Amino acid sequence: MRTSLLVILTVALSTFAFAQKAPLKESVKTSIFADITAIQPGKPFKIGVLLKIEPHWHIYWTNSGDAGIPTKVELKLPEGFTASAIEYPTPSRIEQSGGIVMYGYSGEVMLLATITPPAQIASSKIKITTPTSWLVCDENSCLPGQALGLNLELPIAESAKPANSELFNHWNKQLPCGISSSEIADHKEEIAYQTKANHTTGVWTSTIQWKGDAPAQVEWFPPASEAVLFNNKFTVQTTGRTTVITAGFDLPPTPANAAPAPDSVLSYRTPAGRVGVTLPIVLSGNPNSKPL
Amino acid sequence: MSKNLIALVVALFVGAALTVAAVTQPPPIIGSPAPQFALQDQDGKEVKLSDFAGKIVVLEWFNEECPIVQRHYKADTMNTLSAKYKGKNVVWLAINSTKGKTNADNKKAAAAWHMERPILNDASGKTGHAYQSTNTPGMYVVDAKGNLAYWGGIDDNINGDKATVKNYVSQTLDELLAGQTVSQPKTQPYGCTVKYAD
């Protein structure tokens with residue numbers, strides 16, 4: 001009796017949610033931060049674009065998966081300044097009905113970059129602009145968004161103090177770490193290629209040996225790459241101290257040496273929290289990768 | 001007794017296998033026959049893939065509420081391309097697998113976007129599932145022999161900010177019409193998810 005009432009209530013509520021289709025105007029709020037109070041000539045520092053996402057909505061990682069659009073941050077820097085690639089925290093897996101698998105973020109996420117100023121700076125302050133664009137979706141709708149005028153002004157000084165330390169400490173820890181500092185003892189890649197009518201497909205298998213018993217919630221995130229297109233219906237199987245990832249892929253015809261296969265990301269849970277690790281993809285023996 | 005037990009185990013096993021098969025259909029394979037379908041267009045007329053034997057068929061997964069679909073209709077990507085290949089042995093069909101959509105909804109969308117081609121009603125999601133269609137706009141090209149020749153995005157302009165855009169459907173159609181091998185039969189899908197009923 002009570003259960004059926006609950007069912008009716010749930011159905012009624014979900015129907016209401018579905019009927020209420022108008023997407024929120026401001027489902028993502030953006031802000032920009034630096035990890036220092038002032039720029040010191042020649043001394044690298046970090047900036048971060050923080051995206052706060054409405055509950056039940058999500059935005060996407062560099063590989064958005066079966067649908068979506070990757071969140072993109074551009075860096076407009078003063079002359080002489082250089083920057084790293086945008087660093088994306090370990091994403092989450094988002095599943096939707098119809099077997100759709102995507103990779104992205106809900107709640108909030110900070111996308112980071114390391115900026116290196118030149119050894120000499122003539123002006124007394126500088127401005128960094130980070131035009132940011134995204135597609136934000138929930139179960140029923142999507143809404144493209146952008147913050148083109150997002151910018152940060154910083155003074156130039158001989159000395160500076162750390163700023164926004166808590167924020168940067170938190171988000172730096174969410175970035176995938178190198179395999180050597182992880183719980184992984186060893187990993188081995190095996191690939192089977194098949195070329196039919198000039199089209200190469202294959203199966204990539206990675207066998208991971210853990211230092212101890214396998215951690216909980218082992219997940220894998222295939223990379224966004226022009227060199228290899230992974231099928232999002234892969235398997236991750238863990239037994240004892242071993243995890244085996246088996247993923248089908250397609251190889252685009254362009255020589256892969258023009259666009260090397262980037263790292264994938266593996267994540268797992270330890271008592272201290274969720275850990276992300278970059279797991280390299282070598283594609284050894286890639287038939288498309290002929291020397292130039 | 002033990003025979004019964006074996007029968008029970010076998011029955012359970014077969015049952016489990018069938019359940020798995022129902023949930024995870026094999027994916028459509030490039031170079032293999034494309035899944036058949038029979039769906040109603042916006043006027044209630046039945047349209048089947050087999051109606052177009054000997055023709056190249058473009059399938060466009062459509063949802064007029066998806067902002068990425070809207071982006072391509074505002075840019076006239078789909079209408080321009082379908083007009084370009086009209087009369088060249090190419091048929092272009094839009095398929096709407098969005099839950100709850102009716103023929104009337106599709107008729108309204110076709111009128112609003114000046115689409116001179118069918119929008120097929122797949123509100124049940126059956127055809128979408130058979131093609132493992134994940135996104136709108138999601139594109140498939142079926143060659144004149146009925147085999148799947150292309151599966152992926154409409155183009156490489158995922159973020160919508162590229163100055164030079166490579167349209168994969170156009171590339172596929174040009175290659176098929178010239179009797180060449182399709183150079184990029186599978187590409188990164190992008191856009192909204194297909195809003196399936198289940």
# chains A, B, ... in the order shown; residues from 1 in each chain; ligands from 1
call {"tool": "interface_residues", "arguments": {"of": "chain B", "to": "chain A", "cutoff": "10 Å", "atoms": "only C-alpha atoms", "output": "VMD selection string"}}
result
chain B and resid 23 to 24 27 30 to 31 65 to 68 98 to 99 125 to 126 128 to 129 132 to 138 152 to 153 158 to 160 181 to 198
call {"tool": "write_last_selection", "arguments": {"atoms": "N, CA and C atoms", "output": "compact mmCIF listing (two decimals), in the first residue's frame"}}
result
# COMPACT_ATOMS: atom_id res chain seq x y z
N VAL B 23 19.18 -7.33 -24.17
CA VAL B 23 19.68 -6.04 -23.68
C VAL B 23 20.79 -5.50 -24.57
N THR B 24 21.76 -6.38 -24.91
CA THR B 24 22.87 -5.90 -25.72
C THR B 24 22.81 -6.52 -27.11
N PRO B 27 26.31 -4.55 -32.25
CA PRO B 27 26.33 -3.24 -32.88
C PRO B 27 26.29 -3.37 -34.41
N ILE B 30 30.31 -1.74 -39.88
CA ILE B 30 30.66 -1.12 -41.16
C ILE B 30 30.92 -2.23 -42.18
N GLY B 31 30.27 -2.16 -43.34
CA GLY B 31 30.47 -3.16 -44.38
C GLY B 31 29.49 -4.32 -44.30
N GLU B 65 14.52 19.70 -30.83
CA GLU B 65 14.77 20.45 -29.59
C GLU B 65 16.26 20.48 -29.22
N CYS B 66 17.07 19.71 -29.92
CA CYS B 66 18.51 19.67 -29.60
C CYS B 66 19.20 20.91 -30.17
N PRO B 67 19.89 21.68 -29.33
CA PRO B 67 20.53 22.91 -29.85
C PRO B 67 21.60 22.66 -30.90
N ILE B 68 22.20 21.47 -30.91
CA ILE B 68 23.22 21.18 -31.92
C ILE B 68 22.54 20.88 -33.27
N THR B 98 13.05 10.40 -30.32
CA THR B 98 12.75 11.06 -29.05
C THR B 98 11.45 10.52 -28.46
N LYS B 99 11.49 10.17 -27.17
CA LYS B 99 10.30 9.64 -26.49
C LYS B 99 9.13 10.61 -26.61
N GLY B 125 11.84 3.93 -30.08
CA GLY B 125 13.30 3.78 -29.96
C GLY B 125 13.82 2.49 -30.57
N LYS B 126 12.94 1.68 -31.17
CA LYS B 126 13.35 0.35 -31.66
C LYS B 126 14.43 0.46 -32.75
N GLY B 128 16.31 3.13 -33.38
CA GLY B 128 17.47 3.79 -32.77
C GLY B 128 18.35 2.78 -32.04
N HIS B 129 17.72 1.86 -31.31
CA HIS B 129 18.47 0.83 -30.59
C HIS B 129 19.17 -0.12 -31.56
N GLN B 132 22.09 1.42 -32.62
CA GLN B 132 22.86 1.92 -31.46
C GLN B 132 23.13 3.41 -31.62
N SER B 133 22.08 4.11 -32.08
CA SER B 133 22.21 5.55 -32.28
C SER B 133 22.26 6.23 -30.92
N THR B 134 23.25 7.09 -30.72
CA THR B 134 23.45 7.69 -29.40
C THR B 134 23.16 9.18 -29.37
N ASN B 135 23.26 9.85 -30.54
CA ASN B 135 23.29 11.31 -30.50
C ASN B 135 22.54 11.97 -31.65
N THR B 136 22.13 13.21 -31.43
CA THR B 136 21.55 14.02 -32.51
C THR B 136 22.40 15.27 -32.67
N PRO B 137 22.81 15.69 -33.87
CA PRO B 137 22.59 14.94 -35.11
C PRO B 137 23.55 13.76 -35.20
N GLY B 138 23.02 12.54 -35.42
CA GLY B 138 23.85 11.34 -35.59
C GLY B 138 23.65 10.82 -36.99
N GLY B 152 28.75 8.11 -37.71
CA GLY B 152 29.46 9.10 -36.89
C GLY B 152 28.80 10.46 -36.89
N GLY B 153 29.63 11.48 -36.76
CA GLY B 153 29.15 12.86 -36.72
C GLY B 153 28.92 13.38 -38.13
N ILE B 158 33.16 19.95 -34.09
CA ILE B 158 32.47 19.55 -32.86
C ILE B 158 32.08 20.76 -32.01
N ASN B 159 33.01 21.68 -31.83
CA ASN B 159 32.72 22.86 -31.00
C ASN B 159 32.06 23.99 -31.79
N GLY B 160 31.91 23.80 -33.10
CA GLY B 160 31.24 24.80 -33.92
C GLY B 160 32.06 26.06 -34.17
N THR B 181 36.60 3.52 -52.07
CA THR B 181 36.47 3.04 -50.69
C THR B 181 36.18 4.26 -49.79
N VAL B 182 35.30 4.08 -48.82
CA VAL B 182 35.02 5.17 -47.88
C VAL B 182 36.23 5.33 -46.97
N SER B 183 36.82 6.54 -46.98
CA SER B 183 38.09 6.71 -46.28
C SER B 183 37.93 6.84 -44.76
N GLN B 184 36.82 7.41 -44.31
CA GLN B 184 36.60 7.53 -42.86
C GLN B 184 35.21 7.02 -42.51
N PRO B 185 35.06 5.68 -42.39
CA PRO B 185 33.72 5.13 -42.16
C PRO B 185 33.19 5.33 -40.74
N LYS B 186 34.07 5.71 -39.81
CA LYS B 186 33.60 5.88 -38.43
C LYS B 186 34.27 7.11 -37.83
N THR B 187 33.48 8.01 -37.28
CA THR B 187 34.03 9.22 -36.68
C THR B 187 33.36 9.51 -35.34
N GLN B 188 33.95 10.45 -34.63
CA GLN B 188 33.48 10.82 -33.29
C GLN B 188 32.05 11.39 -33.35
N PRO B 189 31.12 10.77 -32.61
CA PRO B 189 29.77 11.35 -32.56
C PRO B 189 29.76 12.57 -31.64
N TYR B 190 28.90 13.51 -31.93
CA TYR B 190 28.74 14.63 -31.00
C TYR B 190 27.32 15.17 -31.06
N GLY B 191 26.95 15.96 -30.07
CA GLY B 191 25.60 16.54 -30.01
C GLY B 191 24.88 16.13 -28.75
N CYS B 192 23.55 16.13 -28.83
CA CYS B 192 22.75 15.76 -27.67
C CYS B 192 22.58 14.25 -27.67
N THR B 193 22.26 13.68 -26.52
CA THR B 193 21.92 12.26 -26.51
C THR B 193 20.55 12.08 -27.14
N VAL B 194 20.33 10.89 -27.69
CA VAL B 194 18.99 10.54 -28.16
C VAL B 194 18.16 10.35 -26.89
N LYS B 195 17.02 11.02 -26.81
CA LYS B 195 16.20 10.94 -25.58
C LYS B 195 15.22 9.76 -25.72
N TYR B 196 15.75 8.56 -25.45
CA TYR B 196 14.97 7.33 -25.62
C TYR B 196 13.88 7.18 -24.56
N ALA B 197 12.82 6.43 -24.98
CA ALA B 197 11.77 6.09 -24.02
C ALA B 197 12.29 5.08 -23.00
N ASP B 198 13.22 4.21 -23.44
CA ASP B 198 13.80 3.25 -22.48
C ASP B 198 15.25 2.95 -22.85
call {"tool": "residues_around", "arguments": {"residues": "A:Ile32", "least_positions_apart": "3", "cutoff": "10 Å", "atoms": "only C-alpha atoms", "output": "list in words"}}
result
Ile47, Gly48, Val49, Leu50, Leu51, Met110, Leu111, Leu112, Ile128, Thr129, Thr130, Leu150, Asn151 and Leu152 of chain A
call {"tool": "write_last_selection", "arguments": {"atoms": "C-alpha atoms", "output": "tab-separated table (two decimals), in the first residue's frame"}}
result
chain	number	residue	atom	x	y	z
A	47	ILE	CA	45.13	29.62	-13.39
A	48	GLY	CA	41.82	27.79	-13.13
A	49	VAL	CA	38.42	28.24	-14.73
A	50	LEU	CA	35.81	27.06	-12.24
A	51	LEU	CA	32.51	25.87	-13.69
A	110	MET	CA	38.00	23.49	-12.37
A	111	LEU	CA	39.98	23.32	-15.60
A	112	LEU	CA	43.60	24.31	-15.02
A	128	ILE	CA	44.53	36.90	-19.26
A	129	THR	CA	41.31	36.10	-21.08
A	130	THR	CA	39.93	32.55	-21.10
A	150	LEU	CA	36.03	35.60	-18.72
A	151	ASN	CA	39.27	37.31	-17.67
A	152	LEU	CA	41.74	37.87	-14.89
call {"tool": "select_by_dssp", "arguments": {"residues": "stretch 76-240 of chain A", "states": "strand (DSSP E)", "output": "PyMOL selection string"}}
result
chain A and resi 82-83+92-96+100-105+108-116+125-129+132-137+142-147+151-155+184-196+199-210+216-221+229-230+235-239
call {"tool": "write_last_selection", "arguments": {"atoms": "C-alpha atoms", "output": "PDB file, in the first residue's frame"}}
result
ATOM      1  CA  THR A  82      53.290  30.716 -22.768  1.00  0.00           C
ATOM      2  CA  ALA A  83      50.884  28.122 -21.397  1.00  0.00           C
ATOM      3  CA  SER A  92      32.932  10.719 -14.248  1.00  0.00           C
ATOM      4  CA  ARG A  93      31.032   8.197 -16.276  1.00  0.00           C
ATOM      5  CA  ILE A  94      27.525   9.351 -17.242  1.00  0.00           C
ATOM      6  CA  GLU A  95      25.077   6.728 -18.488  1.00  0.00           C
ATOM      7  CA  GLN A  96      21.742   7.362 -20.125  1.00  0.00           C
ATOM      8  CA  ILE A 100      24.578   5.756 -24.025  1.00  0.00           C
ATOM      9  CA  VAL A 101      27.905   6.313 -22.260  1.00  0.00           C
ATOM     10  CA  MET A 102      29.452   9.749 -21.786  1.00  0.00           C
ATOM     11  CA  TYR A 103      32.307  11.257 -19.789  1.00  0.00           C
ATOM     12  CA  GLY A 104      32.024  14.529 -17.941  1.00  0.00           C
ATOM     13  CA  TYR A 105      31.417  16.471 -14.792  1.00  0.00           C
ATOM     14  CA  GLU A 108      31.609  21.660 -10.178  1.00  0.00           C
ATOM     15  CA  VAL A 109      34.904  21.330 -11.956  1.00  0.00           C
ATOM     16  CA  MET A 110      37.998  23.492 -12.367  1.00  0.00           C
ATOM     17  CA  LEU A 111      39.982  23.320 -15.599  1.00  0.00           C
ATOM     18  CA  LEU A 112      43.597  24.307 -15.017  1.00  0.00           C
ATOM     19  CA  ALA A 113      46.592  25.624 -16.961  1.00  0.00           C
ATOM     20  CA  THR A 114      50.166  26.522 -16.058  1.00  0.00           C
ATOM     21  CA  ILE A 115      51.202  29.934 -17.378  1.00  0.00           C
ATOM     22  CA  THR A 116      54.853  30.932 -17.792  1.00  0.00           C
ATOM     23  CA  LYS A 125      49.648  44.578 -14.735  1.00  0.00           C
ATOM     24  CA  ILE A 126      48.464  42.040 -17.293  1.00  0.00           C
ATOM     25  CA  LYS A 127      45.162  40.561 -18.390  1.00  0.00           C
ATOM     26  CA  ILE A 128      44.534  36.901 -19.260  1.00  0.00           C
ATOM     27  CA  THR A 129      41.311  36.098 -21.078  1.00  0.00           C
ATOM     28  CA  THR A 132      35.143  29.109 -22.312  1.00  0.00           C
ATOM     29  CA  SER A 133      32.395  27.144 -24.039  1.00  0.00           C
ATOM     30  CA  TRP A 134      30.414  24.055 -23.090  1.00  0.00           C
ATOM     31  CA  LEU A 135      27.290  22.022 -23.705  1.00  0.00           C
ATOM     32  CA  VAL A 136      25.317  21.413 -20.523  1.00  0.00           C
ATOM     33  CA  CYS A 137      22.743  18.607 -20.504  1.00  0.00           C
ATOM     34  CA  CYS A 142      20.900  20.306 -23.620  1.00  0.00           C
ATOM     35  CA  LEU A 143      21.913  23.938 -23.651  1.00  0.00           C
ATOM     36  CA  PRO A 144      25.092  25.342 -25.207  1.00  0.00           C
ATOM     37  CA  GLY A 145      26.820  28.005 -23.154  1.00  0.00           C
ATOM     38  CA  GLN A 146      29.836  30.268 -23.322  1.00  0.00           C
ATOM     39  CA  ALA A 147      31.696  32.820 -21.234  1.00  0.00           C
ATOM     40  CA  ASN A 151      39.268  37.308 -17.674  1.00  0.00           C
ATOM     41  CA  LEU A 152      41.735  37.871 -14.891  1.00  0.00           C
ATOM     42  CA  GLU A 153      43.887  40.919 -14.166  1.00  0.00           C
ATOM     43  CA  LEU A 154      47.062  40.470 -12.159  1.00  0.00           C
ATOM     44  CA  PRO A 155      49.721  42.950 -11.057  1.00  0.00           C
ATOM     45  CA  ILE A 184      49.681   0.124 -10.388  1.00  0.00           C
ATOM     46  CA  ALA A 185      52.679  -2.246 -10.296  1.00  0.00           C
ATOM     47  CA  ASP A 186      52.743  -3.032 -14.002  1.00  0.00           C
ATOM     48  CA  HIS A 187      50.655  -2.720 -17.138  1.00  0.00           C
ATOM     49  CA  LYS A 188      50.832  -4.340 -20.542  1.00  0.00           C
ATOM     50  CA  GLU A 189      49.124  -3.448 -23.788  1.00  0.00           C
ATOM     51  CA  GLU A 190      48.099  -5.974 -26.447  1.00  0.00           C
ATOM     52  CA  ILE A 191      46.551  -5.061 -29.768  1.00  0.00           C
ATOM     53  CA  ALA A 192      44.905  -7.026 -32.539  1.00  0.00           C
ATOM     54  CA  TYR A 193      44.410  -5.110 -35.786  1.00  0.00           C
ATOM     55  CA  GLN A 194      42.136  -6.025 -38.644  1.00  0.00           C
ATOM     56  CA  THR A 195      42.187  -4.199 -41.975  1.00  0.00           C
ATOM     57  CA  LYS A 196      39.278  -4.678 -44.364  1.00  0.00           C
ATOM     58  CA  HIS A 199      39.517   0.406 -42.896  1.00  0.00           C
ATOM     59  CA  THR A 200      41.412  -0.687 -39.799  1.00  0.00           C
ATOM     60  CA  THR A 201      39.633  -1.741 -36.646  1.00  0.00           C
ATOM     61  CA  GLY A 202      41.003  -3.561 -33.679  1.00  0.00           C
ATOM     62  CA  VAL A 203      40.832  -4.592 -30.071  1.00  0.00           C
ATOM     63  CA  TRP A 204      43.051  -2.995 -27.437  1.00  0.00           C
ATOM     64  CA  THR A 205      43.651  -4.967 -24.252  1.00  0.00           C
ATOM     65  CA  SER A 206      45.429  -3.540 -21.239  1.00  0.00           C
ATOM     66  CA  THR A 207      46.341  -5.841 -18.379  1.00  0.00           C
ATOM     67  CA  ILE A 208      47.000  -4.006 -15.140  1.00  0.00           C
ATOM     68  CA  GLN A 209      48.760  -5.592 -12.181  1.00  0.00           C
ATOM     69  CA  TRP A 210      48.035  -3.844  -8.900  1.00  0.00           C
ATOM     70  CA  ALA A 216      37.393  -0.526  -5.657  1.00  0.00           C
ATOM     71  CA  GLN A 217      35.502   1.087  -8.547  1.00  0.00           C
ATOM     72  CA  VAL A 218      38.067   0.709 -11.292  1.00  0.00           C
ATOM     73  CA  GLU A 219      36.891   2.760 -14.282  1.00  0.00           C
ATOM     74  CA  TRP A 220      38.479   3.598 -17.630  1.00  0.00           C
ATOM     75  CA  PHE A 221      38.107   6.679 -19.813  1.00  0.00           C
ATOM     76  CA  LEU A 229      38.466   6.225 -31.968  1.00  0.00           C
ATOM     77  CA  PHE A 230      37.515   3.889 -29.135  1.00  0.00           C
ATOM     78  CA  THR A 235      34.762  -3.937 -20.561  1.00  0.00           C
ATOM     79  CA  VAL A 236      36.772  -3.439 -17.362  1.00  0.00           C
ATOM     80  CA  GLN A 237      37.150  -6.708 -15.428  1.00  0.00           C
ATOM     81  CA  THR A 238      38.883  -6.972 -12.087  1.00  0.00           C
ATOM     82  CA  THR A 239      39.867 -10.232 -10.389  1.00  0.00           C
TER      83      THR A 239
END
call {"tool": "atom_distance", "arguments": {"atom1": "atom CA of A:Pro162", "atom2": "atom CA of A:Pro44"}}
result
12.3 Å
call {"tool": "residues_around", "arguments": {"residues": "A:Val282", "least_positions_apart": "3", "cutoff": "10 Å", "atoms": "only C-alpha atoms", "output": "list in words"}}
result
Glu189, Glu190, Ile191, Pro260, Ala261, Pro262, Asp263, Leu279, Gly285 and Asn286 of chain A
call {"tool": "write_last_selection", "arguments": {"atoms": "N, CA and C atoms", "output": "JSON list (two decimals), in the first residue's frame"}}
result
[["chain", "number", "residue", "atom", "x", "y", "z"],
["A", 189, "GLU", "N", 50.12, -3.68, -22.74],
["A", 189, "GLU", "CA", 49.12, -3.45, -23.79],
["A", 189, "GLU", "C", 49.24, -4.51, -24.88],
["A", 190, "GLU", "N", 48.10, -5.04, -25.32],
["A", 190, "GLU", "CA", 48.10, -5.97, -26.45],
["A", 190, "GLU", "C", 47.08, -5.49, -27.46],
["A", 191, "ILE", "N", 47.45, -5.57, -28.74],
["A", 191, "ILE", "CA", 46.55, -5.06, -29.77],
["A", 191, "ILE", "C", 46.40, -6.06, -30.90],
["A", 260, "PRO", "N", 49.72, 11.58, -32.30],
["A", 260, "PRO", "CA", 49.98, 10.41, -31.47],
["A", 260, "PRO", "C", 48.81, 10.10, -30.54],
["A", 261, "ALA", "N", 48.64, 8.83, -30.24],
["A", 261, "ALA", "CA", 47.56, 8.44, -29.34],
["A", 261, "ALA", "C", 47.83, 9.03, -27.96],
["A", 262, "PRO", "N", 46.93, 9.81, -27.43],
["A", 262, "PRO", "CA", 47.17, 10.40, -26.11],
["A", 262, "PRO", "C", 46.84, 9.41, -25.00],
["A", 263, "ASP", "N", 47.08, 9.85, -23.79],
["A", 263, "ASP", "CA", 46.85, 8.98, -22.64],
["A", 263, "ASP", "C", 45.36, 8.81, -22.38],
["A", 279, "LEU", "N", 46.88, 6.51, -18.19],
["A", 279, "LEU", "CA", 47.28, 5.19, -18.68],
["A", 279, "LEU", "C", 47.62, 5.35, -20.17],
["A", 285, "GLY", "N", 52.72, -1.19, -33.40],
["A", 285, "GLY", "CA", 52.40, -1.94, -34.61],
["A", 285, "GLY", "C", 51.27, -1.33, -35.39],
["A", 286, "ASN", "N", 50.89, -0.09, -35.06],
["A", 286, "ASN", "CA", 49.82, 0.61, -35.76],
["A", 286, "ASN", "C", 50.09, 0.63, -37.26]]
call {"tool": "residues_around", "arguments": {"residues": "B:Tyr168", "least_positions_apart": "3", "cutoff": "7 Å", "atoms": "only C-alpha atoms", "output": "PyMOL selection string"}}
result
chain B and resi 154-155+171-172
call {"tool": "write_last_selection", "arguments": {"atoms": "N, CA and C atoms", "output": "compact mmCIF listing (two decimals), in the first residue's frame"}}
result
# COMPACT_ATOMS: atom_id res chain seq x y z
N ILE B 154 28.22 14.51 -38.24
CA ILE B 154 28.00 15.12 -39.55
C ILE B 154 29.32 15.70 -40.08
N ASP B 155 30.14 16.23 -39.18
CA ASP B 155 31.40 16.85 -39.61
C ASP B 155 32.42 16.84 -38.47
N GLN B 171 31.77 13.71 -47.72
CA GLN B 171 32.95 12.94 -48.14
C GLN B 171 32.56 11.50 -48.48
N THR B 172 31.74 10.89 -47.61
CA THR B 172 31.31 9.51 -47.83
C THR B 172 30.50 9.38 -49.11
call {"tool": "select_by_dssp", "arguments": {"residues": "chain B", "states": "alpha helix (DSSP H)", "output": "MDAnalysis selection string"}}
result
chainID B and resid 2:23 67:74 77:84 103:112 126:130 168:177
call {"tool": "residues_around", "arguments": {"residues": "A:Ser182", "least_positions_apart": "2", "cutoff": "10 Å", "atoms": "only C-alpha atoms", "output": "VMD selection string"}}
result
chain A and resid 176 to 180 184 to 185 210 to 211 275 to 278
call {"tool": "write_last_selection", "arguments": {"atoms": "C-alpha atoms", "output": "mmCIF file, in the first residue's frame"}}
result
data_model
loop_
_atom_site.group_PDB
_atom_site.id
_atom_site.type_symbol
_atom_site.label_atom_id
_atom_site.label_comp_id
_atom_site.auth_asym_id
_atom_site.auth_seq_id
_atom_site.Cartn_x
_atom_site.Cartn_y
_atom_site.Cartn_z
ATOM 1 C CA PRO A 176 45.194 12.326 -13.214
ATOM 2 C CA CYS A 177 48.654 11.511 -11.850
ATOM 3 C CA GLY A 178 51.502 9.640 -13.496
ATOM 4 C CA ILE A 179 51.417 5.862 -13.419
ATOM 5 C CA SER A 180 54.590 5.666 -11.295
ATOM 6 C CA ILE A 184 49.681 0.124 -10.388
ATOM 7 C CA ALA A 185 52.679 -2.246 -10.296
ATOM 8 C CA TRP A 210 48.035 -3.844 -8.900
ATOM 9 C CA LYS A 211 50.613 -3.525 -6.121
ATOM 10 C CA VAL A 275 42.423 8.584 -7.730
ATOM 11 C CA GLY A 276 42.932 9.244 -11.445
ATOM 12 C CA VAL A 277 45.948 7.876 -13.333
ATOM 13 C CA THR A 278 47.060 8.529 -16.903
#
call {"tool": "residues_around", "arguments": {"residues": "stretch 111-113 of chain B", "least_positions_apart": "3", "cutoff": "10 Å", "atoms": "only C-alpha atoms", "output": "ChimeraX atom specification"}}
result
/B:64,70,73-74,76,78-79,106-108,116
call {"tool": "write_last_selection", "arguments": {"atoms": "N, CA and C atoms", "output": "mmCIF file, in the first residue's frame"}}
result
data_model
loop_
_atom_site.group_PDB
_atom_site.id
_atom_site.type_symbol
_atom_site.label_atom_id
_atom_site.label_comp_id
_atom_site.auth_asym_id
_atom_site.auth_seq_id
_atom_site.Cartn_x
_atom_site.Cartn_y
_atom_site.Cartn_z
ATOM 1 N N GLU B 64 14.324 18.069 -33.007
ATOM 2 C CA GLU B 64 14.300 19.517 -33.275
ATOM 3 C C GLU B 64 14.584 20.343 -32.020
ATOM 4 N N GLN B 70 19.705 22.238 -34.018
ATOM 5 C CA GLN B 70 19.277 23.596 -34.392
ATOM 6 C C GLN B 70 20.431 24.376 -35.028
ATOM 7 N N TYR B 73 20.663 23.334 -38.521
ATOM 8 C CA TYR B 73 19.543 23.791 -39.362
ATOM 9 C C TYR B 73 19.637 25.284 -39.620
ATOM 10 N N LYS B 74 20.094 26.040 -38.617
ATOM 11 C CA LYS B 74 20.287 27.482 -38.834
ATOM 12 C C LYS B 74 21.377 27.712 -39.870
ATOM 13 N N ASP B 76 21.956 25.671 -42.186
ATOM 14 C CA ASP B 76 21.436 24.997 -43.386
ATOM 15 C C ASP B 76 22.294 23.811 -43.840
ATOM 16 N N MET B 78 22.135 20.534 -43.246
ATOM 17 C CA MET B 78 21.416 19.319 -43.673
ATOM 18 C C MET B 78 20.640 19.552 -44.965
ATOM 19 N N ASN B 79 19.872 20.674 -45.019
ATOM 20 C CA ASN B 79 19.064 20.933 -46.203
ATOM 21 C C ASN B 79 19.945 21.139 -47.437
ATOM 22 N N ASN B 106 6.534 15.798 -35.754
ATOM 23 C CA ASN B 106 7.521 15.732 -36.836
ATOM 24 C C ASN B 106 7.089 16.583 -38.035
ATOM 25 N N LYS B 107 5.773 16.645 -38.257
ATOM 26 C CA LYS B 107 5.252 17.446 -39.360
ATOM 27 C C LYS B 107 5.541 18.928 -39.098
ATOM 28 N N LYS B 108 5.334 19.305 -37.843
ATOM 29 C CA LYS B 108 5.578 20.686 -37.433
ATOM 30 C C LYS B 108 7.062 21.046 -37.604
ATOM 31 N N GLU B 116 12.344 19.068 -46.913
ATOM 32 C CA GLU B 116 11.579 18.427 -47.984
ATOM 33 C C GLU B 116 11.907 16.940 -48.023
#
call {"tool": "atom_distance", "arguments": {"atom1": "atom CA of A:Pro91", "atom2": "atom CA of A:Tyr268"}}
result
11.7 Å
call {"tool": "residues_around", "arguments": {"residues": "A:Gln120", "least_positions_apart": "6", "cutoff": "12 Å", "atoms": "only C-alpha atoms", "output": "PDB file with C-alpha atoms, in the first residue's frame"}}
result
ATOM      1  CA  ILE A  39      52.903  37.693 -11.395  1.00  0.00           C
ATOM      2  CA  GLN A  40      56.671  37.435 -10.947  1.00  0.00           C
ATOM      3  CA  PRO A  41      58.602  37.666 -14.236  1.00  0.00           C
ATOM      4  CA  GLY A  42      59.755  34.232 -15.418  1.00  0.00           C
ATOM      5  CA  LYS A  43      57.968  32.346 -12.637  1.00  0.00           C
ATOM      6  CA  GLU A  79      52.881  38.664 -25.698  1.00  0.00           C
ATOM      7  CA  GLY A  80      55.767  36.564 -24.397  1.00  0.00           C
ATOM      8  CA  PHE A  81      53.558  34.446 -22.095  1.00  0.00           C
ATOM      9  CA  ILE A 156      53.390  42.368 -11.875  1.00  0.00           C
ATOM     10  CA  ALA A 157      55.586  42.288  -8.761  1.00  0.00           C
ATOM     11  CA  GLU A 158      58.996  41.180  -7.513  1.00  0.00           C
TER      12      GLU A 158
END
call {"tool": "atom_distance", "arguments": {"atom1": "atom CA of B:Tyr85", "atom2": "atom CA of B:Gly44"}}
result
25.1 Å
call {"tool": "closest_residue", "arguments": {"among": "A:Ser106, A:Phe168, A:Lys46, A:Thr37", "to": "A:Ile86", "atoms": "only C-alpha atoms"}}
result
A:Lys46
